[in-house]
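Note: the block below is target15.pdb and it holds PDB, N, CA and C atoms.
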MODEL        1
ATOM      1  N   MET A  19     -32.365 -36.551 -24.042
ATOM      2  CA  MET A  19     -31.494 -36.892 -22.924
ATOM      3  C   MET A  19     -32.174 -36.485 -21.632
ATOM      4  N   ALA A  20     -32.384 -37.403 -20.742
ATOM      5  CA  ALA A  20     -33.080 -37.146 -19.484
ATOM      6  C   ALA A  20     -32.092 -36.631 -18.450
ATOM      7  N   GLU A  21     -32.498 -35.549 -17.774
ATOM      8  CA  GLU A  21     -31.658 -34.972 -16.720
ATOM      9  C   GLU A  21     -31.916 -35.717 -15.419
ATOM     10  N   PRO A  22     -30.863 -35.981 -14.636
ATOM     11  CA  PRO A  22     -31.089 -36.576 -13.317
ATOM     12  C   PRO A  22     -31.896 -35.618 -12.460
ATOM     13  N   ARG A  23     -32.721 -36.164 -11.623
ATOM     14  CA  ARG A  23     -33.596 -35.335 -10.797
ATOM     15  C   ARG A  23     -32.756 -34.481  -9.841
ATOM     16  N   GLY A  24     -33.041 -33.175  -9.756
ATOM     17  CA  GLY A  24     -32.337 -32.265  -8.861
ATOM     18  C   GLY A  24     -31.173 -31.549  -9.526
ATOM     19  N   GLU A  25     -30.780 -31.930 -10.724
ATOM     20  CA  GLU A  25     -29.683 -31.266 -11.416
ATOM     21  C   GLU A  25     -30.226 -30.495 -12.597
ATOM     22  N   ALA A  26     -29.761 -29.277 -12.757
ATOM     23  CA  ALA A  26     -30.170 -28.458 -13.887
ATOM     24  C   ALA A  26     -29.127 -28.579 -14.986
ATOM     25  N   ALA A  27     -29.526 -28.360 -16.211
ATOM     26  CA  ALA A  27     -28.605 -28.438 -17.342
ATOM     27  C   ALA A  27     -27.547 -27.350 -17.244
ATOM     28  N   VAL A  28     -27.874 -26.234 -16.593
ATOM     29  CA  VAL A  28     -26.940 -25.128 -16.454
ATOM     30  C   VAL A  28     -25.780 -25.516 -15.540
ATOM     31  N   ALA A  29     -26.032 -26.336 -14.525
ATOM     32  CA  ALA A  29     -25.015 -26.702 -13.552
ATOM     33  C   ALA A  29     -24.066 -27.774 -14.068
ATOM     34  N   ARG A  30     -24.389 -28.373 -15.205
ATOM     35  CA  ARG A  30     -23.548 -29.441 -15.745
ATOM     36  C   ARG A  30     -22.259 -28.842 -16.298
ATOM     37  N   ARG A  31     -21.130 -29.373 -15.887
ATOM     38  CA  ARG A  31     -19.836 -28.870 -16.346
ATOM     39  C   ARG A  31     -19.438 -29.607 -17.620
ATOM     40  N   ILE A  32     -19.035 -28.828 -18.615
ATOM     41  CA  ILE A  32     -18.648 -29.434 -19.891
ATOM     42  C   ILE A  32     -17.260 -28.967 -20.278
ATOM     43  N   ASP A  33     -16.602 -29.755 -21.107
ATOM     44  CA  ASP A  33     -15.307 -29.381 -21.666
ATOM     45  C   ASP A  33     -15.565 -28.820 -23.058
ATOM     46  N   PRO A  34     -15.323 -27.520 -23.262
ATOM     47  CA  PRO A  34     -15.654 -26.918 -24.550
ATOM     48  C   PRO A  34     -14.898 -27.554 -25.716
ATOM     49  N   ALA A  35     -13.715 -28.080 -25.488
ATOM     50  CA  ALA A  35     -12.944 -28.667 -26.583
ATOM     51  C   ALA A  35     -13.546 -29.992 -27.036
ATOM     52  N   ARG A  36     -14.221 -30.693 -26.141
ATOM     53  CA  ARG A  36     -14.764 -32.017 -26.479
ATOM     54  C   ARG A  36     -16.262 -31.998 -26.795
ATOM     55  N   GLU A  37     -16.905 -30.883 -26.534
ATOM     56  CA  GLU A  37     -18.351 -30.798 -26.767
ATOM     57  C   GLU A  37     -18.605 -30.563 -28.250
ATOM     58  N   PRO A  38     -19.273 -31.488 -28.939
ATOM     59  CA  PRO A  38     -19.434 -31.367 -30.394
ATOM     60  C   PRO A  38     -20.438 -30.315 -30.827
ATOM     61  N   GLY A  39     -21.405 -29.964 -30.007
ATOM     62  CA  GLY A  39     -22.473 -29.075 -30.448
ATOM     63  C   GLY A  39     -22.194 -27.610 -30.247
ATOM     64  N   LEU A  40     -20.996 -27.203 -29.843
ATOM     65  CA  LEU A  40     -20.716 -25.794 -29.569
ATOM     66  C   LEU A  40     -20.131 -25.101 -30.796
ATOM     67  N   SER A  41     -20.601 -23.904 -31.022
ATOM     68  CA  SER A  41     -20.060 -23.106 -32.124
ATOM     69  C   SER A  41     -18.777 -22.410 -31.652
ATOM     70  N   PRO A  42     -17.967 -21.932 -32.553
ATOM     71  CA  PRO A  42     -16.747 -21.196 -32.151
ATOM     72  C   PRO A  42     -17.063 -19.978 -31.282
ATOM     73  N   GLU A  43     -18.173 -19.326 -31.552
ATOM     74  CA  GLU A  43     -18.580 -18.160 -30.749
ATOM     75  C   GLU A  43     -18.884 -18.588 -29.311
ATOM     76  N   GLN A  44     -19.579 -19.720 -29.153
ATOM     77  CA  GLN A  44     -19.882 -20.214 -27.803
ATOM     78  C   GLN A  44     -18.604 -20.606 -27.069
ATOM     79  N   ARG A  45     -17.668 -21.213 -27.763
ATOM     80  CA  ARG A  45     -16.382 -21.591 -27.142
ATOM     81  C   ARG A  45     -15.619 -20.337 -26.692
ATOM     82  N   ARG A  46     -15.620 -19.307 -27.540
ATOM     83  CA  ARG A  46     -14.941 -18.057 -27.188
ATOM     84  C   ARG A  46     -15.578 -17.403 -25.967
ATOM     85  N   LEU A  47     -16.908 -17.396 -25.935
ATOM     86  CA  LEU A  47     -17.634 -16.817 -24.817
ATOM     87  C   LEU A  47     -17.330 -17.578 -23.519
ATOM     88  N   MET A  48     -17.303 -18.905 -23.599
ATOM     89  CA  MET A  48     -17.000 -19.699 -22.403
ATOM     90  C   MET A  48     -15.585 -19.423 -21.910
ATOM     91  N   ALA A  49     -14.624 -19.293 -22.828
ATOM     92  CA  ALA A  49     -13.247 -18.990 -22.440
ATOM     93  C   ALA A  49     -13.166 -17.615 -21.775
ATOM     94  N   GLU A  50     -13.930 -16.654 -22.304
ATOM     95  CA  GLU A  50     -13.940 -15.304 -21.738
ATOM     96  C   GLU A  50     -14.523 -15.308 -20.319
ATOM     97  N   VAL A  51     -15.595 -16.052 -20.117
ATOM     98  CA  VAL A  51     -16.217 -16.142 -18.788
ATOM     99  C   VAL A  51     -15.253 -16.798 -17.799
ATOM    100  N   GLU A  52     -14.579 -17.871 -18.218
ATOM    101  CA  GLU A  52     -13.614 -18.530 -17.331
ATOM    102  C   GLU A  52     -12.464 -17.593 -16.974
ATOM    103  N   ARG A  53     -12.003 -16.820 -17.948
ATOM    104  CA  ARG A  53     -10.921 -15.862 -17.701
ATOM    105  C   ARG A  53     -11.371 -14.806 -16.684
ATOM    106  N   ALA A  54     -12.601 -14.327 -16.809
ATOM    107  CA  ALA A  54     -13.137 -13.337 -15.866
ATOM    108  C   ALA A  54     -13.232 -13.924 -14.458
ATOM    109  N   GLN A  55     -13.651 -15.198 -14.356
ATOM    110  CA  GLN A  55     -13.734 -15.835 -13.039
ATOM    111  C   GLN A  55     -12.357 -15.967 -12.408
ATOM    112  N   ARG A  56     -11.365 -16.335 -13.215
ATOM    113  CA  ARG A  56      -9.993 -16.436 -12.689
ATOM    114  C   ARG A  56      -9.491 -15.082 -12.203
ATOM    115  N   GLN A  57      -9.802 -14.022 -12.943
ATOM    116  CA  GLN A  57      -9.384 -12.681 -12.542
ATOM    117  C   GLN A  57     -10.011 -12.275 -11.208
ATOM    118  N   ARG A  58     -11.297 -12.589 -11.036
ATOM    119  CA  ARG A  58     -11.971 -12.272  -9.773
ATOM    120  C   ARG A  58     -11.324 -13.035  -8.616
ATOM    121  N   ALA A  59     -11.009 -14.304  -8.848
ATOM    122  CA  ALA A  59     -10.376 -15.104  -7.798
ATOM    123  C   ALA A  59      -8.999 -14.541  -7.453
ATOM    124  N   LEU A  60      -8.249 -14.132  -8.478
ATOM    125  CA  LEU A  60      -6.929 -13.536  -8.219
ATOM    126  C   LEU A  60      -7.045 -12.248  -7.425
ATOM    127  N   ARG A  61      -8.014 -11.407  -7.776
ATOM    128  CA  ARG A  61      -8.215 -10.154  -7.039
ATOM    129  C   ARG A  61      -8.529 -10.422  -5.580
ATOM    130  N   ARG A  62      -9.380 -11.438  -5.329
ATOM    131  CA  ARG A  62      -9.719 -11.791  -3.952
ATOM    132  C   ARG A  62      -8.477 -12.240  -3.191
ATOM    133  N   ARG A  63      -7.660 -13.075  -3.840
ATOM    134  CA  ARG A  63      -6.451 -13.588  -3.194
ATOM    135  C   ARG A  63      -5.470 -12.440  -2.929
ATOM    136  N   PHE A  64      -5.302 -11.551  -3.916
ATOM    137  CA  PHE A  64      -4.390 -10.427  -3.738
ATOM    138  C   PHE A  64      -4.872  -9.482  -2.648
ATOM    139  N   ARG A  65      -6.173  -9.315  -2.526
ATOM    140  CA  ARG A  65      -6.712  -8.439  -1.490
ATOM    141  C   ARG A  65      -6.315  -8.959  -0.116
ATOM    142  N   GLY A  66      -6.423 -10.264   0.088
ATOM    143  CA  GLY A  66      -6.023 -10.856   1.364
ATOM    144  C   GLY A  66      -4.534 -10.729   1.611
ATOM    145  N   ARG A  67      -3.737 -10.979   0.577
ATOM    146  CA  ARG A  67      -2.284 -10.846   0.730
ATOM    147  C   ARG A  67      -1.886  -9.401   0.999
ATOM    148  N   ASN A  68      -2.526  -8.473   0.310
ATOM    149  CA  ASN A  68      -2.210  -7.063   0.531
ATOM    150  C   ASN A  68      -2.556  -6.633   1.949
ATOM    151  N   ALA A  69      -3.655  -7.139   2.482
ATOM    152  CA  ALA A  69      -4.031  -6.802   3.855
ATOM    153  C   ALA A  69      -2.981  -7.333   4.831
ATOM    154  N   LEU A  70      -2.546  -8.563   4.640
ATOM    155  CA  LEU A  70      -1.514  -9.122   5.522
ATOM    156  C   LEU A  70      -0.203  -8.350   5.393
ATOM    157  N   LEU A  71       0.150  -7.988   4.186
ATOM    158  CA  LEU A  71       1.369  -7.220   3.969
ATOM    159  C   LEU A  71       1.271  -5.859   4.654
ATOM    160  N   GLY A  72       0.124  -5.210   4.556
ATOM    161  CA  GLY A  72      -0.080  -3.916   5.213
ATOM    162  C   GLY A  72       0.026  -4.022   6.723
ATOM    163  N   ILE A  73      -0.560  -5.075   7.279
ATOM    164  CA  ILE A  73      -0.482  -5.276   8.729
ATOM    165  C   ILE A  73       0.963  -5.534   9.137
ATOM    166  N   GLY A  74       1.684  -6.328   8.338
ATOM    167  CA  GLY A  74       3.089  -6.610   8.650
ATOM    168  C   GLY A  74       3.950  -5.362   8.608
ATOM    169  N   ILE A  75       3.787  -4.557   7.567
ATOM    170  CA  ILE A  75       4.568  -3.325   7.456
ATOM    171  C   ILE A  75       4.218  -2.376   8.597
ATOM    172  N   GLY A  76       2.927  -2.284   8.925
ATOM    173  CA  GLY A  76       2.514  -1.428  10.043
ATOM    174  C   GLY A  76       3.129  -1.877  11.360
ATOM    175  N   ALA A  77       3.202  -3.195  11.576
ATOM    176  CA  ALA A  77       3.797  -3.714  12.807
ATOM    177  C   ALA A  77       5.283  -3.381  12.879
ATOM    178  N   VAL A  78       5.977  -3.493  11.754
ATOM    179  CA  VAL A  78       7.407  -3.160  11.729
ATOM    180  C   VAL A  78       7.607  -1.670  12.019
ATOM    181  N   VAL A  79       6.796  -0.828  11.400
ATOM    182  CA  VAL A  79       6.919   0.619  11.619
ATOM    183  C   VAL A  79       6.656   0.960  13.086
ATOM    184  N   LEU A  80       5.602   0.381  13.655
ATOM    185  CA  LEU A  80       5.324   0.653  15.073
ATOM    186  C   LEU A  80       6.435   0.130  15.971
ATOM    187  N   GLY A  81       7.026  -1.012  15.608
ATOM    188  CA  GLY A  81       8.145  -1.548  16.385
ATOM    189  C   GLY A  81       9.341  -0.610  16.367
ATOM    190  N   ILE A  82       9.670  -0.097  15.185
ATOM    191  CA  ILE A  82      10.793   0.845  15.076
ATOM    192  C   ILE A  82      10.489   2.118  15.858
ATOM    193  N   TYR A  83       9.271   2.601  15.740
ATOM    194  CA  TYR A  83       8.851   3.811  16.454
ATOM    195  C   TYR A  83       8.965   3.608  17.970
ATOM    196  N   GLY A  84       8.461   2.478  18.450
ATOM    197  CA  GLY A  84       8.536   2.190  19.885
ATOM    198  C   GLY A  84       9.969   2.030  20.358
ATOM    199  N   TYR A  85      10.802   1.354  19.572
ATOM    200  CA  TYR A  85      12.201   1.172  19.956
ATOM    201  C   TYR A  85      12.916   2.513  20.014
ATOM    202  N   THR A  86      12.592   3.416  19.082
ATOM    203  CA  THR A  86      13.216   4.735  19.084
ATOM    204  C   THR A  86      12.874   5.488  20.361
ATOM    205  N   PHE A  87      11.609   5.462  20.754
ATOM    206  CA  PHE A  87      11.217   6.120  21.995
ATOM    207  C   PHE A  87      11.923   5.499  23.187
ATOM    208  N   TYR A  88      12.010   4.192  23.189
ATOM    209  CA  TYR A  88      12.669   3.488  24.299
ATOM    210  C   TYR A  88      14.142   3.871  24.395
ATOM    211  N   SER A  89      14.835   3.876  23.248
ATOM    212  CA  SER A  89      16.265   4.179  23.273
ATOM    213  C   SER A  89      16.514   5.636  23.655
ATOM    214  N   VAL A  90      15.663   6.551  23.230
ATOM    215  CA  VAL A  90      15.822   7.957  23.608
ATOM    216  C   VAL A  90      15.612   8.113  25.108
ATOM    217  N   SER A  91      14.635   7.432  25.662
ATOM    218  CA  SER A  91      14.409   7.540  27.107
ATOM    219  C   SER A  91      15.583   6.942  27.873
ATOM    220  N   GLN A  92      16.220   5.897  27.348
ATOM    221  CA  GLN A  92      17.403   5.329  27.993
ATOM    222  C   GLN A  92      18.568   6.308  27.947
ATOM    223  N   GLU A  93      18.729   7.033  26.846
ATOM    224  CA  GLU A  93      19.810   8.007  26.753
ATOM    225  C   GLU A  93      19.634   9.108  27.779
ATOM    226  N   ARG A  94      18.437   9.594  27.980
ATOM    227  CA  ARG A  94      18.194  10.628  28.992
ATOM    228  C   ARG A  94      18.506  10.092  30.375
ATOM    229  N   PHE A  95      18.131   8.863  30.609
ATOM    230  CA  PHE A  95      18.379   8.249  31.906
ATOM    231  C   PHE A  95      19.885   8.187  32.163
ATOM    232  N   LEU A  96      20.652   7.782  31.160
ATOM    233  CA  LEU A  96      22.109   7.710  31.311
ATOM    234  C   LEU A  96      22.714   9.098  31.481
ATOM    235  N   ASP A  97      22.184  10.094  30.766
ATOM    236  CA  ASP A  97      22.678  11.465  30.929
ATOM    237  C   ASP A  97      22.439  11.956  32.345
ATOM    238  N   GLU A  98      21.275  11.650  32.917
ATOM    239  CA  GLU A  98      20.977  12.053  34.287
ATOM    240  C   GLU A  98      21.919  11.362  35.271
ATOM    241  N   LEU A  99      22.223  10.105  35.037
ATOM    242  CA  LEU A  99      23.165   9.389  35.904
ATOM    243  C   LEU A  99      24.548  10.015  35.828
ATOM    244  N   GLU A 100      24.986  10.363  34.634
ATOM    245  CA  GLU A 100      26.300  10.989  34.482
ATOM    246  C   GLU A 100      26.357  12.335  35.205
ATOM    247  N   GLN A 101      25.268  13.105  35.165
ATOM    248  CA  GLN A 101      25.230  14.388  35.873
ATOM    249  C   GLN A 101      25.329  14.169  37.376
ATOM    250  N   GLU A 102      24.620  13.154  37.885
ATOM    251  CA  GLU A 102      24.681  12.867  39.315
ATOM    252  C   GLU A 102      26.077  12.433  39.723
ATOM    253  N   VAL A 103      26.753  11.659  38.894
ATOM    254  CA  VAL A 103      28.113  11.219  39.192
ATOM    255  C   VAL A 103      29.056  12.409  39.216
ATOM    256  N   GLU A 104      28.931  13.306  38.246
ATOM    257  CA  GLU A 104      29.783  14.497  38.215
ATOM    258  C   GLU A 104      29.547  15.373  39.442
ATOM    259  N   THR A 105      28.282  15.530  39.827
ATOM    260  CA  THR A 105      27.956  16.316  41.018
ATOM    261  C   THR A 105      28.554  15.672  42.255
ATOM    262  N   ALA A 106      28.442  14.357  42.353
ATOM    263  CA  ALA A 106      28.996  13.653  43.511
ATOM    264  C   ALA A 106      30.518  13.770  43.535
ATOM    265  N   ARG A 107      31.177  13.706  42.402
ATOM    266  CA  ARG A 107      32.632  13.851  42.353
ATOM    267  C   ARG A 107      33.048  15.262  42.753
ATOM    268  N   ALA A 108      32.293  16.269  42.289
ATOM    269  CA  ALA A 108      32.614  17.654  42.646
ATOM    270  C   ALA A 108      32.470  17.867  44.146
ATOM    271  N   LEU A 109      31.412  17.291  44.736
ATOM    272  CA  LEU A 109      31.223  17.412  46.176
ATOM    273  C   LEU A 109      32.326  16.669  46.924
ATOM    274  N   ALA A 110      32.724  15.518  46.429
ATOM    275  CA  ALA A 110      33.777  14.742  47.087
ATOM    276  C   ALA A 110      35.105  15.481  47.020
ATOM    277  N   GLN A 111      35.391  16.172  45.911
ATOM    278  CA  GLN A 111      36.626  16.917  45.804
ATOM    279  C   GLN A 111      36.619  18.141  46.720
ATOM    280  N   ASP A 112      35.445  18.758  46.883
ATOM    281  CA  ASP A 112      35.328  19.912  47.757
ATOM    282  C   ASP A 112      35.550  19.515  49.218
ATOM    283  N   LYS A 113      35.090  18.351  49.604
ATOM    284  CA  LYS A 113      35.194  17.875  50.988
ATOM    285  C   LYS A 113      36.580  17.296  51.303
ATOM    286  N   SER A 114      37.298  16.882  50.276
ATOM    287  CA  SER A 114      38.586  16.267  50.534
ATOM    288  C   SER A 114      39.568  17.332  50.986
ATOM    289  N   PRO A 115      40.429  16.976  51.970
ATOM    290  CA  PRO A 115      41.403  17.976  52.479
ATOM    291  C   PRO A 115      42.462  18.277  51.423
ATOM    292  N   ALA A 116      42.792  19.515  51.313
ATOM    293  CA  ALA A 116      43.807  19.918  50.346
ATOM    294  C   ALA A 116      45.166  19.549  50.878
ATOM    295  N   SER A 117      45.965  18.864  50.129
ATOM    296  CA  SER A 117      47.272  18.426  50.609
ATOM    297  C   SER A 117      48.343  19.340  50.124
TER     298      SER A 117
ENDMDL
END
Would you mind writing the file's structure down as structure tokens?
Amino acid sequence: MAEPRGEAAVARRIDPAREPGLSPEQRRLMAEVERAQRQRALRRRFRGRNALLGIGIGAVVLGIYGYTFYSVSQERFLDELEQEVETARALAQDKSPAS
């Protein structure tokens, strides 16, 4: 059987179930190699998904952290306003003529 120029016999893709010259051991070995390749591809895909998931969780955590700081600073601001209002009311009562 003549090989087309530029193609190696190793690069030729075959179907192990239809190839008549393969022994059961060769078929088992080919199935094992294909299974290993699928596992490597899955690991690569999971690595990318895990990275995206980690970035997403980190963004949510930083968002909650930032919102907490923001809300605490707003509470202090409101407390300071309430103190100023109380001080102003006390001064207004002191200045008002006693009836």
Write out as JSON, numbers by chain all residues of chain A that DSSP puts in alpha helix (DSSP H) for this structure's backbone. {"A": [42, 43, 44, 45, 46, 47, 48, 49, 50, 51, 52, 53, 54, 55, 56, 57, 58, 59, 60, 61, 62, 63, 64, 65, 66, 67, 68, 69, 70, 71, 72, 73, 74, 75, 76, 77, 78, 79, 80, 81, 82, 83, 84, 85, 86, 87, 88, 89, 90, 91, 92, 93, 94, 95, 96, 97, 98, 99, 100, 101, 102, 103, 104, 105, 106, 107, 108, 109, 110, 111, 112, 113]}
Excluding stretch 34-36 of chain A and residues on its chain fewer than 3 positions from it, collect all residues at most 8 Å away from it, counting all atoms listed in the file, and give them as a list in words. Arg31, Gly39, Leu40, Gln44, Arg45, Met48 and Ala49 of chain A
May I ask for the distance between atom CA of A:Arg107 and atom CA of A:Glu93, given in Å to one decimal place?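 These two atoms are separated by 21.0 Å.
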State, in Å with one decimal place, the distance from atom C of A:Ala54 to atom CA of A:Ile73.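 Computing it gives 27.8 Å between the two atoms.
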